[in-house]
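**Student:** Questions regarding the structure given below will be posed in turn.
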Amino acid sequence: MTTSGIRAADGGRASFVSSIGRAVAALLLAVFVSGCAITNSHVSTNGVPTPGSSPKVLVMVPDVELYVFTAGGLNETNAEWTATAKGHVDTALAEILESMSVSAVDYEVVQDVGPESLAEAQVLKLHEAVGAAIIDHKYSIYPLPTKEDSFDWGLGEGVTGLKEKYDADYVLFVYLRDSFSSGGRVALNILTAVIGAGVKGGVQSGYASLIDLNSGDVVWFNSLVNNVGDLRTPEGSKAATLDLLEEAPL
């Protein structure tokens, strides 16, 4: 595959480093050299579903955001693109899990503010923090000495409420970010190219994780960095979701 060029906001990629950690920046060079998606999967030594066990999996609402990359170098959230991409990713996730014969149950967002909604919101925030830490210290040049030769991460006992509520064995999280150049950014890229200055291409990034609801351990984790594709389309969303669920032990 060839490296994707920089295109306009209706189909282009913009330079984007998401909040999943500094490791994304470290992976950019490899992405642009290869011109395709790069995934990195890690599996825990404990709690992984055994083949044929048919565990019940709670599927969290995919965390998806899309941005416009401005001429000034800022990422601005685009609500319309984000809503479209969320719908596509949610549909793709359901179709892929069904094709894998996964016994899945969808997470239902608690509407009322109370102890239950606050506890579940804390689980979501904790997972995002743990996911960023895994990206930062397992895939980059910032390894933790105590975890260098092992994959030992978890959310703790806070997930037991989800197990009791949904009678599930595992919970699956999907996190995706994408961005596209504004017209002004495209013009700036063309200008800098004319004078010989280098410009950065775009990146689509994300991760998926499978958590054992009995222990809170992260039993499988896969990261994605990609400089092609478009989450605003059904095809692009399905391709990214397929990449994220590659080698998932389900």
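Please note that chains go A, B, ... in the order of the structure tokens, that every chain numbers its residues from 1, and that ligands are numbered from 1 in the order shown.
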Quick one: residues within 7 Å of range 58-67 of chain A, only C-alpha atoms, excluding same-chain residues fewer than 2 positions away - as a VMD selection string?

**Tutor:** chain A and resid 56 69 75 to 78 81 to 82 86 90 104 to 107 168 170 to 180

**Student:** Determine, for each residue of range 32-140 of chain A having at least one atom at most 9 Å from an atom of range 217-228 of chain A, the closest pair of atoms and their separation in Å to one decimal, counting only C-alpha atoms; order by chain and ascending number, as a tab-separated table.

**Tutor:**
```
residue	atom	partner	partner_atom	distance
A:Phe32	CA	A:Asn227	CA	6.9
A:Gly35	CA	A:Asn227	CA	6.5
A:Cys36	CA	A:Asn226	CA	5.9
A:Ala37	CA	A:Asn226	CA	4.2
A:Ile38	CA	A:Val225	CA	5.3
A:Thr39	CA	A:Leu224	CA	4.6
A:Asn40	CA	A:Ser223	CA	5.3
A:Ser41	CA	A:Asn222	CA	4.2
A:His42	CA	A:Phe221	CA	5.3
A:Val43	CA	A:Trp220	CA	4.4
A:Ser44	CA	A:Val219	CA	4.6
A:Thr45	CA	A:Val219	CA	7.5
A:Asn46	CA	A:Val219	CA	6.8
A:Gly47	CA	A:Val219	CA	6.0
A:Val48	CA	A:Val219	CA	5.6
A:Pro49	CA	A:Val219	CA	8.7
A:Gly131	CA	A:Phe221	CA	8.6
A:Ile134	CA	A:Phe221	CA	8.7
A:Ile135	CA	A:Ser223	CA	7.5
A:Tyr139	CA	A:Ser223	CA	8.7
```

**Student:** Nearest residue to Ser53 in chain A out of A:Val102, A:Leu242, A:Ala85, A:Ala79, using only C-alpha atoms?

**Tutor:**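 So, comparing all the options, the nearest one is A:Val102.
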
**Student:** Please report, as a CSV table (one decimal) with N, CA, C and O atoms, in the first residue's frame, each residue of range 38-115 of chain A to which DSSP assigns helix (DSSP H, G or I) when run on this structure's backbone.

**Tutor:**
```
chain,number,residue,atom,x,y,z
A,79,ALA,N,-19.4,17.9,15.5
A,79,ALA,CA,-20.5,17.2,16.1
A,79,ALA,C,-21.2,16.3,15.1
A,79,ALA,O,-21.6,15.2,15.4
A,80,GLU,N,-21.4,16.9,13.9
A,80,GLU,CA,-22.1,16.1,12.9
A,80,GLU,C,-21.3,14.9,12.5
A,80,GLU,O,-21.9,13.8,12.4
A,81,TRP,N,-20.1,15.0,12.2
A,81,TRP,CA,-19.2,13.9,11.8
A,81,TRP,C,-19.1,12.9,12.9
A,81,TRP,O,-19.2,11.7,12.7
A,82,THR,N,-19.0,13.4,14.2
A,82,THR,CA,-18.9,12.5,15.3
A,82,THR,C,-20.2,11.6,15.4
A,82,THR,O,-20.1,10.4,15.6
A,83,ALA,N,-21.4,12.2,15.3
A,83,ALA,CA,-22.6,11.5,15.4
A,83,ALA,C,-22.7,10.5,14.3
A,83,ALA,O,-23.2,9.3,14.5
A,84,THR,N,-22.3,10.8,13.1
A,84,THR,CA,-22.4,9.9,12.0
A,84,THR,C,-21.4,8.7,12.2
A,84,THR,O,-21.8,7.6,12.0
A,85,ALA,N,-20.2,9.0,12.6
A,85,ALA,CA,-19.2,8.0,12.8
A,85,ALA,C,-19.7,7.0,14.0
A,85,ALA,O,-19.5,5.8,13.9
A,86,LYS,N,-20.2,7.6,15.1
A,86,LYS,CA,-20.7,6.8,16.2
A,86,LYS,C,-21.7,5.7,15.7
A,86,LYS,O,-21.7,4.6,16.1
A,87,GLY,N,-22.6,6.2,14.9
A,87,GLY,CA,-23.7,5.3,14.3
A,87,GLY,C,-23.1,4.2,13.5
A,87,GLY,O,-23.4,3.0,13.6
A,88,HIS,N,-22.1,4.6,12.6
A,88,HIS,CA,-21.5,3.6,11.8
A,88,HIS,C,-20.6,2.6,12.6
A,88,HIS,O,-20.7,1.4,12.3
A,89,VAL,N,-19.9,3.0,13.5
A,89,VAL,CA,-19.1,2.1,14.3
A,89,VAL,C,-19.9,1.2,15.2
A,89,VAL,O,-19.6,0.0,15.3
A,90,ASP,N,-21.0,1.7,15.7
A,90,ASP,CA,-21.9,0.9,16.5
A,90,ASP,C,-22.5,-0.2,15.7
A,90,ASP,O,-22.6,-1.4,16.1
A,91,THR,N,-22.9,0.1,14.5
A,91,THR,CA,-23.5,-0.9,13.6
A,91,THR,C,-22.4,-1.9,13.2
A,91,THR,O,-22.7,-3.1,13.2
A,92,ALA,N,-21.3,-1.4,12.8
A,92,ALA,CA,-20.2,-2.3,12.4
A,92,ALA,C,-19.8,-3.3,13.6
A,92,ALA,O,-19.6,-4.5,13.4
A,93,LEU,N,-19.7,-2.7,14.8
A,93,LEU,CA,-19.4,-3.6,15.9
A,93,LEU,C,-20.4,-4.7,16.1
A,93,LEU,O,-20.0,-5.8,16.4
A,94,ALA,N,-21.7,-4.3,16.0
A,94,ALA,CA,-22.7,-5.3,16.2
A,94,ALA,C,-22.6,-6.4,15.1
A,94,ALA,O,-22.8,-7.6,15.4
A,95,GLU,N,-22.4,-6.0,13.9
A,95,GLU,CA,-22.3,-7.0,12.8
A,95,GLU,C,-21.1,-7.9,12.9
A,95,GLU,O,-21.2,-9.1,12.7
A,96,ILE,N,-20.0,-7.3,13.3
A,96,ILE,CA,-18.8,-8.1,13.5
A,96,ILE,C,-18.9,-9.1,14.6
A,96,ILE,O,-18.5,-10.3,14.5
A,97,LEU,N,-19.4,-8.7,15.7
A,97,LEU,CA,-19.6,-9.6,16.9
A,97,LEU,C,-20.6,-10.7,16.5
A,97,LEU,O,-20.4,-11.9,16.9
A,98,GLU,N,-21.6,-10.4,15.8
A,98,GLU,CA,-22.6,-11.4,15.4
A,98,GLU,C,-21.9,-12.4,14.4
A,98,GLU,O,-22.2,-13.6,14.5
A,99,SER,N,-21.1,-11.9,13.5
A,99,SER,CA,-20.4,-12.8,12.6
A,99,SER,C,-19.4,-13.7,13.3
A,99,SER,O,-19.1,-14.8,12.9
A,115,PRO,N,-26.3,7.2,42.4
A,115,PRO,CA,-25.1,6.3,42.7
A,115,PRO,C,-24.7,5.4,41.5
A,115,PRO,O,-23.6,5.2,41.2
```

**Student:** Considering only C-alpha atoms, can you say which of A:Leu144, A:Leu213, A:Ser205, A:Leu245 comes closest to Lys165 in chain A?

**Tutor:** A:Leu213

**Student:** Which neighbours of Glu157 in chain A fall inside 8 Å, counting only C-alpha atoms, when residues of the same chain fewer than 2 positions from it are skipped, and could you give them as a PyMOL selection string?

**Tutor:** chain A and resi 155+159-160+215-216

**Student:** Find the distance between CA of Pro51 in chain A and CA of Leu250 in chain A and write it in Å to one decimal.

**Tutor:** 7.6 Å

**Student:** Using only C-alpha atoms for the distances, tell me which of A:Gly114, A:Gly52, A:Gly206, A:Gly156 is nearest to Ser237 in chain A.

**Tutor:**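 Going through A:Gly114, A:Gly52, A:Gly206, A:Gly156 one by one, the smallest distance to Ser237 in chain A is for A:Gly206.
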
**Student:** Kindly give the distance, in Å, that separates CA of Leu244 in chain A and CA of Ala208 in chain A, rounded to a single decimal.

**Tutor:**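 We find that CA of Leu244 in chain A and CA of Ala208 in chain A lie 5.9 Å from each other.
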
**Student:** If you run DSSP over the backbone, which residues in range 43-170 of chain A end up strand (DSSP E or B)? Put them as a VMD selection string.

**Tutor:** chain A and resid 43 56 to 59 63 to 69 75 to 77 103 to 106 154 170

**Student:** Please list as a list in words every residue within 10 Å of Ala121 in chain A, counting only C-alpha atoms and excluding residues in the same chain fewer than 5 positions away.

**Tutor:**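 Using only C-alpha atoms, the neighbours found are Val109, Val110, Pro115, Glu116, Leu126 and His127 of chain A.
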